[in-house]
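Single-structure report; data block below.
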There are 2 protein chains.
Amino acid sequence: MSPAARRAEIVATAAAVALAEGLECITLRRIAEELGVRPGLISHYFPAVEDLVAEAYGSAAAAELDDLLPADRAGATPTECLARFLARTSGEEYDDISRLWLNARHLSRYRPALRDRVAAQEAAWRERLEAVLRDGVERGEFRTGDPMVTAMQILVVLDGLGMLVNSADTHDDPPAVRRMPVTLAERELGLPPGTLAPVED
Amino acid sequence: MSPAARRAEIVATAAAVALAEGLECITLRRIAEELGVRPGLISHYFPAVEDLVAEAYGSAAAAELDDLLPADRAGATPTECLARFLARTSGEEYDDISRLWLNARHLSRYRPALRDRVAAQEAAWRERLEAVLRDGVERGEFRTGDPMVTAMQILVVLDGLGMLVNSADTHDDPPAVRRMPVTLAERELGLPPGTLAPVED
DNA sequence: AATGCTATTGAGTGTGCGACCAACAAGCAA
DNA sequence: TTGCTTGTTGGTCGCACACTCAATAGCATT
(Lines give C-alpha, C1' and ligand atoms only; values in the text may rest on other atoms or scores of the structure.)
Protein backbone atom coordinates (compact mmCIF):
# COMPACT_ATOMS: atom_id res chain seq x y z
CA MET A 1 0.00 0.00 0.00
CA SER A 2 1.19 3.48 -0.85
CA PRO A 3 2.69 5.40 2.06
CA ALA A 4 0.28 8.30 1.73
CA ALA A 5 -2.78 6.06 1.68
CA ARG A 6 -1.50 3.95 4.57
CA ARG A 7 -0.75 7.03 6.59
CA ALA A 8 -4.21 8.47 5.92
CA GLU A 9 -5.77 5.14 6.87
CA ILE A 10 -3.89 5.12 10.15
CA VAL A 11 -4.93 8.68 10.98
CA ALA A 12 -8.54 7.97 10.09
CA THR A 13 -8.61 4.90 12.30
CA ALA A 14 -6.98 6.77 15.16
CA ALA A 15 -9.48 9.60 14.77
CA ALA A 16 -12.36 7.15 14.95
CA VAL A 17 -10.94 5.56 18.10
CA ALA A 18 -10.40 9.00 19.62
CA LEU A 19 -14.00 10.01 18.97
CA ALA A 20 -15.49 6.81 20.28
CA GLU A 21 -13.21 6.00 23.21
CA GLY A 22 -10.81 8.84 23.83
CA LEU A 23 -7.36 9.99 22.82
CA GLU A 24 -5.60 7.84 25.40
CA CYS A 25 -6.96 4.75 23.63
CA ILE A 26 -4.80 5.57 20.64
CA THR A 27 -2.01 3.06 21.21
CA LEU A 28 0.25 1.31 18.77
CA ARG A 29 -1.35 -2.05 19.50
CA ARG A 30 -4.91 -0.77 19.37
CA ILE A 31 -4.64 0.98 16.02
CA ALA A 32 -2.65 -1.90 14.56
CA GLU A 33 -5.26 -4.42 15.62
CA GLU A 34 -8.00 -2.20 14.21
CA LEU A 35 -6.23 -2.22 10.83
CA GLY A 36 -5.14 -5.86 10.94
CA VAL A 37 -1.45 -5.03 10.85
CA ARG A 38 1.42 -5.30 13.32
CA PRO A 39 2.18 -2.57 15.88
CA GLY A 40 5.62 -2.01 14.41
CA LEU A 41 4.03 -0.68 11.26
CA ILE A 42 2.31 2.12 13.12
CA SER A 43 5.63 2.98 14.70
CA HIS A 44 7.12 3.08 11.24
CA TYR A 45 4.69 5.79 10.12
CA PHE A 46 4.58 7.57 13.46
CA PRO A 47 7.87 7.09 15.31
CA ALA A 48 6.34 9.01 18.22
CA VAL A 49 2.80 8.10 19.15
CA GLU A 50 2.19 11.61 20.39
CA ASP A 51 2.31 12.84 16.83
CA LEU A 52 -0.35 10.35 15.79
CA VAL A 53 -2.55 11.47 18.67
CA ALA A 54 -2.18 15.09 17.65
CA GLU A 55 -2.86 14.25 14.03
CA ALA A 56 -5.93 12.17 14.88
CA TYR A 57 -7.36 14.91 17.03
CA GLY A 58 -6.69 17.54 14.38
CA SER A 59 -8.29 15.39 11.73
CA ALA A 60 -11.44 14.77 13.76
CA ALA A 61 -11.81 18.37 14.87
CA ALA A 62 -11.26 19.76 11.39
CA ALA A 63 -13.77 17.36 9.87
CA GLU A 64 -16.36 18.28 12.46
CA LEU A 65 -15.79 21.98 11.85
CA ASP A 66 -16.29 21.52 8.12
CA ASP A 67 -19.50 19.73 8.89
CA LEU A 68 -20.76 22.33 11.35
CA LEU A 69 -19.69 25.46 9.49
CA PRO A 70 -18.89 24.62 5.86
CA ALA A 71 -16.33 26.96 4.38
CA ASP A 72 -18.57 27.81 1.44
CA ARG A 73 -22.00 28.63 2.72
CA ALA A 74 -23.67 28.10 -0.64
CA GLY A 75 -26.97 29.94 -0.52
CA ALA A 76 -27.50 29.86 3.22
CA THR A 77 -27.78 33.18 5.03
CA PRO A 78 -25.54 33.88 8.03
CA THR A 79 -28.58 33.65 10.27
CA GLU A 80 -29.38 30.20 8.93
CA CYS A 81 -25.78 29.10 9.29
CA LEU A 82 -25.59 30.28 12.85
CA ALA A 83 -28.94 28.75 13.76
CA ARG A 84 -27.86 25.44 12.29
CA PHE A 85 -24.54 25.62 14.12
CA LEU A 86 -26.21 26.28 17.44
CA ALA A 87 -28.78 23.55 16.89
CA ARG A 88 -26.13 20.99 16.05
CA THR A 89 -23.86 21.88 18.94
CA SER A 90 -26.64 21.45 21.45
CA GLY A 91 -27.76 18.11 20.06
CA GLU A 92 -26.86 14.80 21.61
CA GLU A 93 -24.86 13.79 18.56
CA TYR A 94 -22.43 16.54 19.49
CA ASP A 95 -21.55 14.84 22.78
CA ASP A 96 -18.69 12.88 21.22
CA ILE A 97 -17.20 16.12 19.96
CA SER A 98 -17.57 17.72 23.36
CA ARG A 99 -15.76 14.76 24.86
CA LEU A 100 -13.03 15.07 22.29
CA TRP A 101 -12.46 18.74 23.07
CA LEU A 102 -12.50 18.08 26.78
CA ASN A 103 -10.10 15.20 26.27
CA ALA A 104 -7.73 17.18 24.07
CA ARG A 105 -7.74 20.22 26.29
CA HIS A 106 -6.80 18.17 29.29
CA LEU A 107 -4.28 15.95 27.55
CA SER A 108 -2.55 18.93 25.97
CA ARG A 109 -1.33 19.68 29.46
CA TYR A 110 1.19 16.88 29.02
CA ARG A 111 1.58 16.67 25.23
CA PRO A 112 3.17 19.67 23.52
CA ALA A 113 2.36 18.42 20.02
CA LEU A 114 -1.28 18.10 20.95
CA ARG A 115 -1.26 21.51 22.60
CA ASP A 116 -0.20 23.11 19.33
CA ARG A 117 -2.94 21.30 17.45
CA VAL A 118 -5.56 22.39 19.96
CA ALA A 119 -4.43 25.99 19.63
CA ALA A 120 -4.67 25.70 15.86
CA GLN A 121 -8.15 24.20 15.96
CA GLU A 122 -9.30 26.78 18.49
CA ALA A 123 -8.21 29.47 16.08
CA ALA A 124 -9.81 27.71 13.12
CA TRP A 125 -13.16 27.34 14.86
CA ARG A 126 -13.11 30.93 16.05
CA GLU A 127 -12.21 32.26 12.62
CA ARG A 128 -14.84 30.21 10.86
CA LEU A 129 -17.53 31.38 13.25
CA GLU A 130 -16.22 34.93 13.11
CA ALA A 131 -16.48 34.86 9.32
CA VAL A 132 -20.17 33.98 9.54
CA LEU A 133 -20.79 36.78 12.02
CA ARG A 134 -18.85 39.28 9.95
CA ASP A 135 -20.78 38.30 6.87
CA GLY A 136 -24.01 38.73 8.79
CA VAL A 137 -22.98 42.19 9.91
CA GLU A 138 -22.14 43.21 6.35
CA ARG A 139 -25.49 41.96 5.13
CA GLY A 140 -27.24 43.85 7.91
CA GLU A 141 -28.55 40.70 9.59
CA PHE A 142 -26.42 41.09 12.71
CA ARG A 143 -25.36 44.07 14.74
CA THR A 144 -22.26 43.63 16.88
CA GLY A 145 -19.30 45.78 17.76
CA ASP A 146 -16.70 43.08 17.41
CA PRO A 147 -17.48 39.82 15.61
CA MET A 148 -14.33 38.22 16.95
CA VAL A 149 -15.29 38.89 20.55
CA THR A 150 -18.80 37.62 19.98
CA ALA A 151 -17.45 34.48 18.34
CA MET A 152 -15.15 33.87 21.28
CA GLN A 153 -17.97 34.41 23.74
CA ILE A 154 -20.20 31.90 21.98
CA LEU A 155 -17.39 29.34 21.97
CA VAL A 156 -16.65 29.92 25.65
CA VAL A 157 -20.26 29.20 26.55
CA LEU A 158 -20.29 26.12 24.33
CA ASP A 159 -17.13 24.91 26.05
CA GLY A 160 -18.68 25.54 29.44
CA LEU A 161 -21.67 23.40 28.58
CA GLY A 162 -19.42 20.79 27.00
CA MET A 163 -17.56 20.45 30.28
CA LEU A 164 -20.62 18.76 31.71
CA VAL A 165 -20.77 16.04 29.07
CA ASN A 166 -19.28 13.33 31.26
CA SER A 167 -20.96 14.15 34.54
CA ALA A 168 -24.50 15.40 34.58
CA ASP A 169 -27.21 14.46 32.18
CA THR A 170 -27.33 17.68 30.21
CA HIS A 171 -30.95 17.15 29.32
CA ASP A 172 -32.38 17.79 32.75
CA ASP A 173 -30.69 21.19 32.89
CA PRO A 174 -33.16 24.08 32.88
CA PRO A 175 -33.82 25.65 29.45
CA ALA A 176 -32.26 28.93 30.60
CA VAL A 177 -28.97 27.05 30.93
CA ARG A 178 -29.28 24.89 27.84
CA ARG A 179 -30.20 27.91 25.75
CA MET A 180 -27.26 30.02 26.94
CA PRO A 181 -25.41 29.97 23.61
CA VAL A 182 -28.54 30.92 21.68
CA THR A 183 -29.49 33.64 24.17
CA LEU A 184 -26.01 35.09 24.13
CA ALA A 185 -25.82 35.06 20.34
CA GLU A 186 -29.21 36.70 19.92
CA ARG A 187 -28.39 39.37 22.49
CA GLU A 188 -24.90 40.15 21.23
CA LEU A 189 -26.02 40.22 17.60
CA GLY A 190 -29.06 42.38 18.19
CA LEU A 191 -31.53 39.70 17.13
CA PRO A 192 -35.02 39.37 18.56
CA PRO A 193 -35.33 36.37 20.93
CA GLY A 194 -36.35 33.23 19.11
CA THR A 195 -34.58 34.11 15.87
CA LEU A 196 -31.86 31.50 16.22
CA ALA A 197 -33.91 28.83 17.97
CA PRO A 198 -37.54 28.50 19.00
CA VAL A 199 -38.07 29.61 22.59
CA GLU A 200 -39.02 26.77 24.93
CA ASP A 201 -41.00 27.56 28.04
CA MET B 1 0.72 5.95 63.12
CA SER B 2 -3.02 5.84 63.66
CA PRO B 3 -5.06 4.64 60.69
CA ALA B 4 -7.18 7.78 60.54
CA ALA B 5 -4.16 10.07 60.59
CA ARG B 6 -2.31 7.98 58.03
CA ARG B 7 -5.29 7.89 55.76
CA ALA B 8 -5.71 11.65 56.01
CA GLU B 9 -2.03 12.13 55.31
CA ILE B 10 -2.27 9.97 52.20
CA VAL B 11 -5.29 11.85 50.91
CA ALA B 12 -3.64 15.21 51.58
CA THR B 13 -0.53 14.16 49.71
CA ALA B 14 -2.55 12.82 46.82
CA ALA B 15 -4.55 16.04 46.69
CA ALA B 16 -1.36 18.08 46.55
CA VAL B 17 0.00 15.93 43.72
CA ALA B 18 -3.31 16.22 41.88
CA LEU B 19 -3.29 20.01 42.13
CA ALA B 20 0.31 20.37 41.06
CA GLU B 21 0.66 17.67 38.44
CA GLY B 22 -2.69 16.11 37.70
CA LEU B 23 -4.88 13.25 38.85
CA GLU B 24 -3.11 10.67 36.68
CA CYS B 25 0.06 11.32 38.65
CA ILE B 26 -1.57 9.80 41.70
CA THR B 27 0.07 6.38 41.62
CA LEU B 28 0.91 4.02 44.42
CA ARG B 29 4.63 4.56 43.90
CA ARG B 30 4.38 8.32 43.63
CA ILE B 31 2.36 8.88 46.79
CA ALA B 32 4.41 6.33 48.71
CA GLU B 33 7.65 7.99 47.72
CA GLU B 34 6.23 11.38 48.65
CA LEU B 35 5.46 10.05 52.13
CA GLY B 36 8.62 7.99 52.52
CA VAL B 37 6.74 4.70 52.82
CA ARG B 38 6.36 1.63 50.65
CA PRO B 39 3.76 1.38 47.88
CA GLY B 40 2.12 -1.56 49.59
CA LEU B 41 1.03 0.67 52.41
CA ILE B 42 -0.98 2.91 50.10
CA SER B 43 -2.65 -0.19 48.72
CA HIS B 44 -3.46 -1.21 52.27
CA TYR B 45 -5.44 1.98 52.87
CA PHE B 46 -6.82 2.22 49.35
CA PRO B 47 -7.18 -1.24 47.83
CA ALA B 48 -8.31 0.44 44.62
CA VAL B 49 -6.33 3.45 43.50
CA GLU B 50 -9.41 4.88 41.84
CA ASP B 51 -10.90 5.51 45.27
CA LEU B 52 -7.83 7.45 46.33
CA VAL B 53 -8.03 9.54 43.19
CA ALA B 54 -11.68 10.32 43.83
CA GLU B 55 -10.96 11.13 47.47
CA ALA B 56 -8.02 13.37 46.59
CA TYR B 57 -10.05 15.27 44.04
CA GLY B 58 -12.96 15.66 46.45
CA SER B 59 -10.67 16.89 49.17
CA ALA B 60 -9.00 19.49 46.97
CA ALA B 61 -12.24 20.72 45.44
CA ALA B 62 -14.01 20.98 48.77
CA ALA B 63 -11.11 22.87 50.34
CA GLU B 64 -11.03 25.31 47.46
CA LEU B 65 -14.76 25.87 47.71
CA ASP B 66 -14.49 26.63 51.41
CA ASP B 67 -11.78 29.11 50.58
CA LEU B 68 -13.70 30.77 47.75
CA LEU B 69 -17.14 30.84 49.32
CA PRO B 70 -16.87 30.24 53.08
CA ALA B 71 -19.98 28.62 54.50
CA ASP B 72 -20.39 31.31 57.12
CA ARG B 73 -20.05 34.68 55.48
CA ALA B 74 -19.37 36.48 58.76
CA GLY B 75 -20.12 40.14 58.18
CA ALA B 76 -19.59 40.20 54.43
CA THR B 77 -22.53 41.18 52.23
CA PRO B 78 -23.58 38.92 49.36
CA THR B 79 -22.30 41.52 46.91
CA GLU B 80 -18.88 41.46 48.57
CA CYS B 81 -18.85 37.66 48.64
CA LEU B 82 -19.74 37.42 44.98
CA ALA B 83 -17.23 40.09 43.98
CA ARG B 84 -14.52 38.30 45.89
CA PHE B 85 -15.50 34.97 44.33
CA LEU B 86 -15.37 36.39 40.82
CA ALA B 87 -12.06 38.14 41.47
CA ARG B 88 -10.46 34.97 42.80
CA THR B 89 -11.73 32.73 40.03
CA SER B 90 -10.29 35.00 37.38
CA GLY B 91 -6.89 35.28 39.03
CA GLU B 92 -3.88 33.32 37.91
CA GLU B 93 -3.75 31.45 41.22
CA TYR B 94 -7.00 29.82 40.19
CA ASP B 95 -5.36 28.12 37.19
CA ASP B 96 -4.47 25.02 39.18
CA ILE B 97 -8.09 24.66 40.20
CA SER B 98 -9.23 25.10 36.62
CA ARG B 99 -6.80 22.38 35.61
CA LEU B 100 -8.11 20.13 38.35
CA TRP B 101 -11.72 20.55 37.22
CA LEU B 102 -10.77 19.97 33.61
CA ASN B 103 -8.76 16.94 34.65
CA ALA B 104 -11.52 15.48 36.79
CA ARG B 105 -14.24 16.11 34.25
CA HIS B 106 -12.30 14.28 31.59
CA LEU B 107 -11.06 11.45 33.76
CA SER B 108 -14.53 10.81 35.14
CA ARG B 109 -15.30 9.47 31.69
CA TYR B 110 -13.40 6.33 32.65
CA ARG B 111 -13.65 6.31 36.46
CA PRO B 112 -17.11 5.85 37.96
CA ALA B 113 -15.97 6.66 41.50
CA LEU B 114 -14.53 9.94 40.31
CA ARG B 115 -17.64 10.69 38.30
CA ASP B 116 -19.75 10.51 41.45
CA ARG B 117 -17.38 12.81 43.27
CA VAL B 118 -17.46 15.32 40.46
CA ALA B 119 -21.24 15.31 40.48
CA ALA B 120 -21.21 15.87 44.24
CA GLN B 121 -18.76 18.76 44.01
CA GLU B 122 -20.67 20.28 41.13
CA ALA B 123 -23.75 20.28 43.31
CA ALA B 124 -21.86 21.64 46.30
CA TRP B 125 -20.39 24.54 44.34
CA ARG B 126 -23.71 25.37 42.77
CA GLU B 127 -25.54 25.26 46.08
CA ARG B 128 -22.96 27.40 47.84
CA LEU B 129 -23.10 30.02 45.13
CA GLU B 130 -26.86 29.79 44.98
CA ALA B 131 -27.06 30.45 48.73
CA VAL B 132 -25.12 33.68 48.30
CA LEU B 133 -27.40 34.78 45.48
CA ARG B 134 -30.53 33.85 47.41
CA ASP B 135 -29.29 35.76 50.42
CA GLY B 136 -28.60 38.75 48.21
CA VAL B 137 -32.09 38.62 46.78
CA GLU B 138 -33.60 38.50 50.25
CA ARG B 139 -31.57 41.49 51.34
CA GLY B 140 -32.60 43.36 48.25
CA GLU B 141 -29.10 43.55 46.83
CA PHE B 142 -29.82 41.28 43.87
CA ARG B 143 -32.79 40.86 41.59
CA THR B 144 -33.10 37.57 39.78
CA GLY B 145 -35.93 35.26 38.89
CA ASP B 146 -34.16 32.05 39.76
CA PRO B 147 -30.98 32.09 41.86
CA MET B 148 -30.24 28.48 40.96
CA VAL B 149 -30.29 29.15 37.24
CA THR B 150 -28.12 32.23 37.66
CA ALA B 151 -25.65 30.25 39.75
CA MET B 152 -25.50 27.55 37.08
CA GLN B 153 -24.99 30.12 34.37
CA ILE B 154 -22.09 31.73 36.20
CA LEU B 155 -20.47 28.35 36.72
CA VAL B 156 -20.92 27.38 33.08
CA VAL B 157 -19.11 30.52 31.98
CA LEU B 158 -16.36 29.94 34.51
CA ASP B 159 -15.98 26.40 33.21
CA GLY B 160 -15.85 27.65 29.66
CA LEU B 161 -13.00 30.01 30.48
CA GLY B 162 -11.31 27.30 32.53
CA MET B 163 -11.25 25.06 29.46
CA LEU B 164 -8.62 27.35 27.99
CA VAL B 165 -6.21 27.02 30.88
CA ASN B 166 -3.88 24.59 29.15
CA SER B 167 -3.91 26.04 25.67
CA ALA B 168 -4.06 29.78 25.19
CA ASP B 169 -2.58 32.35 27.47
CA THR B 170 -5.77 33.60 29.05
CA HIS B 171 -4.31 37.01 29.70
CA ASP B 172 -4.20 38.17 26.12
CA ASP B 173 -7.91 37.50 25.72
CA PRO B 174 -9.95 40.65 25.22
CA PRO B 175 -11.54 42.12 28.37
CA ALA B 176 -15.02 41.43 27.01
CA VAL B 177 -14.18 37.74 27.15
CA ARG B 178 -12.28 37.76 30.42
CA ARG B 179 -15.06 39.71 32.09
CA MET B 180 -17.83 37.38 30.92
CA PRO B 181 -18.61 35.97 34.37
CA VAL B 182 -18.77 39.45 35.91
CA THR B 183 -20.87 40.84 33.08
CA LEU B 184 -23.26 37.92 33.24
CA ALA B 185 -23.61 38.16 37.01
CA GLU B 186 -24.23 41.90 36.97
CA ARG B 187 -26.78 41.60 34.19
CA GLU B 188 -28.64 38.62 35.65
CA LEU B 189 -28.70 40.09 39.13
CA GLY B 190 -29.83 43.55 38.08
CA LEU B 191 -26.64 45.25 39.21
CA PRO B 192 -25.17 48.35 37.54
CA PRO B 193 -22.05 47.54 35.50
CA GLY B 194 -18.90 47.82 37.57
CA THR B 195 -20.53 46.73 40.81
CA LEU B 196 -18.78 43.36 40.99
CA ALA B 197 -15.50 44.37 39.40
CA PRO B 198 -14.04 47.63 38.10
CA VAL B 199 -14.66 48.05 34.37
CA GLU B 200 -11.49 47.90 32.28
CA ASP B 201 -11.43 49.60 28.94
C1' DA C 1 7.80 -9.41 80.73
C1' DA C 2 4.78 -11.85 77.80
C1' DT C 3 1.11 -11.55 74.49
C1' DG C 4 -1.70 -10.09 70.81
C1' DC C 5 -2.95 -6.89 67.47
C1' DT C 6 -1.95 -4.24 63.40
C1' DA C 7 0.55 -1.01 60.79
C1' DT C 8 4.12 -1.74 57.64
C1' DT C 9 7.34 -3.97 54.79
C1' DG C 10 9.59 -6.69 50.94
C1' DA C 11 9.24 -9.36 47.28
C1' DG C 12 6.80 -10.79 43.60
C1' DT C 13 3.04 -11.33 39.66
C1' DG C 14 0.92 -10.01 35.56
C1' DT C 15 -0.37 -6.48 32.22
C1' DG C 16 0.09 -2.89 28.88
C1' DC C 17 2.74 0.52 27.14
C1' DG C 18 6.37 2.83 23.60
C1' DA C 19 10.26 1.97 21.25
C1' DC C 20 13.80 -0.62 18.67
C1' DC C 21 15.67 -3.67 15.02
C1' DA C 22 17.04 -7.46 12.15
C1' DA C 23 14.88 -10.15 8.80
C1' DC C 24 11.46 -10.84 5.08
C1' DA C 25 8.93 -10.06 0.75
C1' DA C 26 6.71 -7.59 -2.73
C1' DG C 27 7.05 -4.43 -6.20
C1' DC C 28 9.69 -1.67 -9.29
C1' DA C 29 13.88 -0.49 -12.06
C1' DA C 30 17.75 -1.85 -14.68
C1' DT D 1 15.86 -11.98 -14.99
C1' DT D 2 18.49 -9.64 -11.58
C1' DG D 3 18.91 -6.46 -8.02
C1' DC D 4 17.45 -2.88 -5.00
C1' DT D 5 14.31 -0.15 -2.58
C1' DT D 6 10.91 -0.17 0.99
C1' DG D 7 6.64 -1.51 3.21
C1' DT D 8 5.98 -4.94 6.67
C1' DT D 9 6.76 -8.38 10.02
C1' DG D 10 7.98 -10.83 14.39
C1' DG D 11 10.26 -10.66 18.29
C1' DT D 12 12.26 -8.29 22.12
C1' DC D 13 13.66 -4.86 25.57
C1' DG D 14 12.76 -1.88 29.40
C1' DC D 15 9.60 0.60 31.96
C1' DA D 16 5.63 1.84 34.86
C1' DC D 17 1.57 0.43 36.53
C1' DA D 18 -1.99 -1.91 40.10
C1' DC D 19 -2.46 -5.48 42.94
C1' DT D 20 -1.34 -9.59 46.26
C1' DC D 21 0.42 -11.69 50.34
C1' DA D 22 3.31 -13.79 53.69
C1' DA D 23 6.54 -12.03 56.96
C1' DT D 24 7.93 -8.45 60.28
C1' DA D 25 8.31 -4.90 63.70
C1' DG D 26 6.40 -1.91 66.88
C1' DC D 27 3.00 -0.56 70.00
C1' DA D 28 -0.71 -1.66 72.91
C1' DT D 29 -2.67 -4.20 76.87
C1' DT D 30 -2.46 -7.44 80.32
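To be explicit about the labels: the chains of the C-alpha coordinates are called A, B, and onward in the order shown, and within each one the residues are counted from 1, while ligands get numbers from 1 in the order they are shown.
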Counting only C-alpha atoms (C1' of nucleotides), which residues in chain D sit no more than 12 Å from chain B? For each one, give the nearest pair of atoms and the distance in Å, sorted by chain then residue number, as JSON lines.
{"residue": "D:DA16", "atom": "C1'", "partner": "B:Arg29", "partner_atom": "CA", "distance": 9.5}
{"residue": "D:DC17", "atom": "C1'", "partner": "B:Thr27", "partner_atom": "CA", "distance": 8.0}
{"residue": "D:DA18", "atom": "C1'", "partner": "B:Val49", "partner_atom": "CA", "distance": 7.7}
{"residue": "D:DC19", "atom": "C1'", "partner": "B:Ser43", "partner_atom": "CA", "distance": 7.8}
{"residue": "D:DT20", "atom": "C1'", "partner": "B:Gly40", "partner_atom": "CA", "distance": 9.4}
{"residue": "D:DC21", "atom": "C1'", "partner": "B:Gly40", "partner_atom": "CA", "distance": 10.3}
{"residue": "D:DG26", "atom": "C1'", "partner": "B:Met1", "partner_atom": "CA", "distance": 10.4}
{"residue": "D:DC27", "atom": "C1'", "partner": "B:Met1", "partner_atom": "CA", "distance": 9.7}
Please report as a ChimeraX atom specification which residues of chain C come no farther than 12 Å from chain A, using only C-alpha atoms (C1' of nucleotides).
/C:16-21,26-27
For Arg126 of chain A, find every residue with an atom within 12 Å (counting only C-alpha atoms (C1' of nucleotides)), except residues of its own chain fewer than 2 positions away, and show them as a list in words.
Leu65, Leu69, Ala119, Ala120, Gln121, Glu122, Ala123, Ala124, Arg128, Leu129, Glu130, Ala131, Val132, Leu133, Arg134, Pro147, Met148, Val149, Thr150, Ala151, Met152, Gln153, Ile154, Leu155, Val156 and Leu158 of chain A
Give me the residues of chain B that have any atom at most 6 Å from an atom of chain A; for each, the nearest atom pair and the distance in Å, rounded to one decimal. Use only C-alpha atoms, sort by chain and number, and format it as a Markdown table.
| residue | atom | partner | partner_atom | distance |
| --- | --- | --- | --- | --- |
| B:Asn103 | CA | A:His106 | CA | 5.8 |
| B:His106 | CA | A:Asn103 | CA | 5.8 |
| B:Arg109 | CA | A:Asn166 | CA | 5.6 |
| B:Val156 | CA | A:Gly160 | CA | 4.7 |
| B:Val157 | CA | A:Gly160 | CA | 5.6 |
| B:Asp159 | CA | A:Gly160 | CA | 4.7 |
| B:Gly160 | CA | A:Gly160 | CA | 3.5 |
| B:Asn166 | CA | A:Arg109 | CA | 5.5 |
Deliver the residues from the most recent selection as a file, using N, CA, C and O atoms, as an mmCIF file, in the first residue's frame.
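Output (out-v8.cif):
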data_model
loop_
_atom_site.group_PDB
_atom_site.id
_atom_site.type_symbol
_atom_site.label_atom_id
_atom_site.label_comp_id
_atom_site.auth_asym_id
_atom_site.auth_seq_id
_atom_site.Cartn_x
_atom_site.Cartn_y
_atom_site.Cartn_z
ATOM 1 N N ASN B 103 -9.306 18.267 34.453
ATOM 2 C CA ASN B 103 -8.761 16.935 34.649
ATOM 3 C C ASN B 103 -9.838 15.959 35.131
ATOM 4 O O ASN B 103 -10.056 14.896 34.543
ATOM 5 N N HIS B 106 -12.675 15.221 32.640
ATOM 6 C CA HIS B 106 -12.296 14.283 31.587
ATOM 7 C C HIS B 106 -12.128 12.874 32.142
ATOM 8 O O HIS B 106 -12.678 11.912 31.622
ATOM 9 N N ARG B 109 -14.772 10.254 32.802
ATOM 10 C CA ARG B 109 -15.300 9.471 31.688
ATOM 11 C C ARG B 109 -15.003 7.997 31.890
ATOM 12 O O ARG B 109 -15.780 7.132 31.511
ATOM 13 N N VAL B 156 -21.164 27.830 34.460
ATOM 14 C CA VAL B 156 -20.923 27.380 33.080
ATOM 15 C C VAL B 156 -19.904 28.289 32.408
ATOM 16 O O VAL B 156 -18.964 27.821 31.755
ATOM 17 N N VAL B 157 -20.065 29.589 32.603
ATOM 18 C CA VAL B 157 -19.113 30.517 31.976
ATOM 19 C C VAL B 157 -17.719 30.349 32.579
ATOM 20 O O VAL B 157 -16.714 30.360 31.857
ATOM 21 N N ASP B 159 -16.503 27.633 33.782
ATOM 22 C CA ASP B 159 -15.985 26.395 33.205
ATOM 23 C C ASP B 159 -15.474 26.638 31.794
ATOM 24 O O ASP B 159 -14.417 26.133 31.414
ATOM 25 N N GLY B 160 -16.242 27.385 31.032
ATOM 26 C CA GLY B 160 -15.852 27.653 29.657
ATOM 27 C C GLY B 160 -14.509 28.358 29.584
ATOM 28 O O GLY B 160 -13.658 28.024 28.759
ATOM 29 N N ASN B 166 -5.088 25.280 29.610
ATOM 30 C CA ASN B 166 -3.884 24.587 29.147
ATOM 31 C C ASN B 166 -3.428 25.020 27.756
ATOM 32 O O ASN B 166 -2.334 24.690 27.339
#
DSSP on the backbone: which residues in segment 16-161 of chain B end up as helix (DSSP H, G or I)? Give the answer as a ChimeraX atom specification.
/B:16-21,23-25,28-35,39-45,49-68,78-89,92-107,112-138,147-161
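When only C-alpha atoms are used to compute distances to Ala76 of chain A, the closest of the residues A:Gly145, A:Pro181, A:Gly136, A:Gly91 turns out to be A:Gly136.
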Could you build a table of the residues in chain D lying no more than 10 Å from segment 4-11 of chain C, giving for each the nearest pair of atoms and their separation in Å rounded to one decimal place, using only C-alpha atoms (C1' of nucleotides), ordered by chain and ascending residue number, as JSON lines?
{"residue": "D:DC21", "atom": "C1'", "partner": "C:DA11", "partner_atom": "C1'", "distance": 9.6}
{"residue": "D:DA22", "atom": "C1'", "partner": "C:DA11", "partner_atom": "C1'", "distance": 9.8}
{"residue": "D:DA23", "atom": "C1'", "partner": "C:DT9", "partner_atom": "C1'", "distance": 8.4}
{"residue": "D:DT24", "atom": "C1'", "partner": "C:DT9", "partner_atom": "C1'", "distance": 7.1}
{"residue": "D:DA25", "atom": "C1'", "partner": "C:DT8", "partner_atom": "C1'", "distance": 8.0}
{"residue": "D:DG26", "atom": "C1'", "partner": "C:DA7", "partner_atom": "C1'", "distance": 8.5}
{"residue": "D:DC27", "atom": "C1'", "partner": "C:DT6", "partner_atom": "C1'", "distance": 9.0}
{"residue": "D:DA28", "atom": "C1'", "partner": "C:DC5", "partner_atom": "C1'", "distance": 7.9}
{"residue": "D:DT29", "atom": "C1'", "partner": "C:DG4", "partner_atom": "C1'", "distance": 8.5}
{"residue": "D:DT30", "atom": "C1'", "partner": "C:DG4", "partner_atom": "C1'", "distance": 9.9}
